[in-house]
Structures are given as structure tokens and as C-alpha cells.
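**Student:** Once you've had a glance at the structure underneath, I'll fire off some questions.
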Amino acid sequence: MPAAEHLQSCRLLTGQALSCEGRGLRAEDAALYLAHVALGEPLRRLAAVSGRHPSTVLRAVRRVEQRRDDPLLDDLLTRIEAVARDPGAPAPLAKESALSPSV
């Protein structure tokens, strides 16, 4: 799958998941991070398809990496990453998260 398609699929996944539970993380940063980490796209290729400078993409990836210290965000990104790697996996928000109210 070309880089543009990888990035677009990551944008869709992060846009849906982060709109509900984002905890202050930019969906575009998360999409770039997942396309690079989960799908193995090179930073320069992501920069080219997103119209950004490679250093801007690198900073976005680093911002997300730094935020993974938050256990809730780390769990959310782990679930999104699983779906990005295996499109047949359950949706990222299907699993009950720590942000959901307890019954």
C-alpha cells in the first residue's frame, strides 16, 4: 500500500478515536506517528505525501512518543495501532477504556 493510502487510513483511525478520547493529542500527529511506527513508512515519504518538511513530521512523531507516558493515551494508541496493522481487528473504541464511566 502506498504511503498516501497508509497515511489516509491512519488519519481515519485517529480522527475517530481521538475525537472521543484524545486527551489533547492532535489527530494528525497521531496519524503520522502510526503510519511511521505501525506501518513502517519512512519519515521523508510521509513528509512528501503530507506536504510537510521532514523535520516537521519528525517533531510530530516525537510529540506523540513523549505522550505515551500517559497510560490511558498509551492504551488508546496501542488499540489504534493494532487496527492499523490488521484492518480486521476490532475498532479502537470497541474495548472499554478507563475513560468510560463505570457501571
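Following the order of the C-alpha cells, chains are lettered A, B, ..., residues in each are numbered from 1, and ligands are numbered from 1.
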Give me the residues near range 38-55 of chain A as a ChimeraX atom specification, where near means some atom within 8 Å (using only C-alpha atoms) and where sequence neighbours in that chain fewer than 6 positions away do not count.

**Tutor:** /A:3-4,6-7,32,81,84-85

**Student:** Just write the chosen residues, N, CA, C and O atoms, as an mmCIF file, in the first residue's frame.

**Tutor:**
```cif
data_model
loop_
_atom_site.group_PDB
_atom_site.id
_atom_site.type_symbol
_atom_site.label_atom_id
_atom_site.label_comp_id
_atom_site.auth_asym_id
_atom_site.auth_seq_id
_atom_site.Cartn_x
_atom_site.Cartn_y
_atom_site.Cartn_z
ATOM 1 N N ALA A 3 2.331 5.092 0.566
ATOM 2 C CA ALA A 3 2.383 5.926 1.769
ATOM 3 C C ALA A 3 1.141 6.796 1.919
ATOM 4 O O ALA A 3 0.636 6.978 3.026
ATOM 5 N N ALA A 4 0.649 7.335 0.819
ATOM 6 C CA ALA A 4 -0.528 8.212 0.898
ATOM 7 C C ALA A 4 -1.737 7.445 1.433
ATOM 8 O O ALA A 4 -2.502 7.968 2.245
ATOM 9 N N HIS A 6 -1.577 4.683 3.334
ATOM 10 C CA HIS A 6 -1.291 4.389 4.740
ATOM 11 C C HIS A 6 -1.630 5.590 5.614
ATOM 12 O O HIS A 6 -2.278 5.451 6.662
ATOM 13 N N LEU A 7 -1.184 6.760 5.206
ATOM 14 C CA LEU A 7 -1.432 7.961 5.994
ATOM 15 C C LEU A 7 -2.928 8.255 6.074
ATOM 16 O O LEU A 7 -3.446 8.595 7.140
ATOM 17 N N LEU A 32 0.468 10.520 11.669
ATOM 18 C CA LEU A 32 1.847 10.447 11.179
ATOM 19 C C LEU A 32 2.648 9.439 11.998
ATOM 20 O O LEU A 32 3.407 8.636 11.451
ATOM 21 N N GLU A 81 -3.143 1.237 16.898
ATOM 22 C CA GLU A 81 -2.026 0.615 16.198
ATOM 23 C C GLU A 81 -2.383 -0.805 15.751
ATOM 24 O O GLU A 81 -2.058 -1.216 14.639
ATOM 25 N N ALA A 84 -4.541 -0.510 12.754
ATOM 26 C CA ALA A 84 -3.764 -0.049 11.591
ATOM 27 C C ALA A 84 -2.979 -1.202 10.981
ATOM 28 O O ALA A 84 -2.890 -1.322 9.760
ATOM 29 N N ARG A 85 -2.425 -2.060 11.838
ATOM 30 C CA ARG A 85 -1.649 -3.203 11.337
ATOM 31 C C ARG A 85 -2.545 -4.300 10.776
ATOM 32 O O ARG A 85 -2.168 -4.984 9.835
#
```

**Student:** Between CA of Arg67 in chain A and CA of Leu13 in chain A, what distance in Å does the model show, to one decimal?

**Tutor:**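 Spanning CA of Arg67 in chain A to CA of Leu13 in chain A is a straight-line distance of 17.9 Å.
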
**Student:** Show me, as a VMD selection string, the residues that have an atom within 12 Å of Glu65 in chain A when counting only C-alpha atoms, minus same-chain residues fewer than 4 positions from it.

**Tutor:** chain A and resid 25 29 to 30 32 to 34 36 to 37 58 to 61 69 to 70 73 to 74 77 to 78

**Student:** Quick one: write out the picked residues with C-alpha atoms as a PDB file, in the first residue's frame?

**Tutor:**
```pdb
ATOM      1  CA  LEU A  25      -3.353  14.867  21.234  1.00  0.00           C
ATOM      2  CA  ASP A  29       0.328  13.959  14.770  1.00  0.00           C
ATOM      3  CA  ALA A  30      -1.035  10.572  15.818  1.00  0.00           C
ATOM      4  CA  LEU A  32       1.847  10.447  11.179  1.00  0.00           C
ATOM      5  CA  TYR A  33       3.165   8.551  14.205  1.00  0.00           C
ATOM      6  CA  LEU A  34       1.110   5.443  13.431  1.00  0.00           C
ATOM      7  CA  HIS A  36       5.628   5.591  10.680  1.00  0.00           C
ATOM      8  CA  VAL A  37       5.680   3.232  13.671  1.00  0.00           C
ATOM      9  CA  LEU A  58       9.768  14.095  12.950  1.00  0.00           C
ATOM     10  CA  ARG A  59       8.627  16.617  15.581  1.00  0.00           C
ATOM     11  CA  ALA A  60       5.048  15.335  15.313  1.00  0.00           C
ATOM     12  CA  VAL A  61       6.224  11.743  15.814  1.00  0.00           C
ATOM     13  CA  ASP A  69       3.838   8.027  29.194  1.00  0.00           C
ATOM     14  CA  ASP A  70       0.136   8.644  29.867  1.00  0.00           C
ATOM     15  CA  LEU A  73      -3.277   7.517  25.857  1.00  0.00           C
ATOM     16  CA  ASP A  74      -0.807   4.665  25.515  1.00  0.00           C
ATOM     17  CA  LEU A  77      -2.701   4.322  20.714  1.00  0.00           C
ATOM     18  CA  THR A  78      -1.946   0.625  21.206  1.00  0.00           C
TER      19      THR A  78
END
```
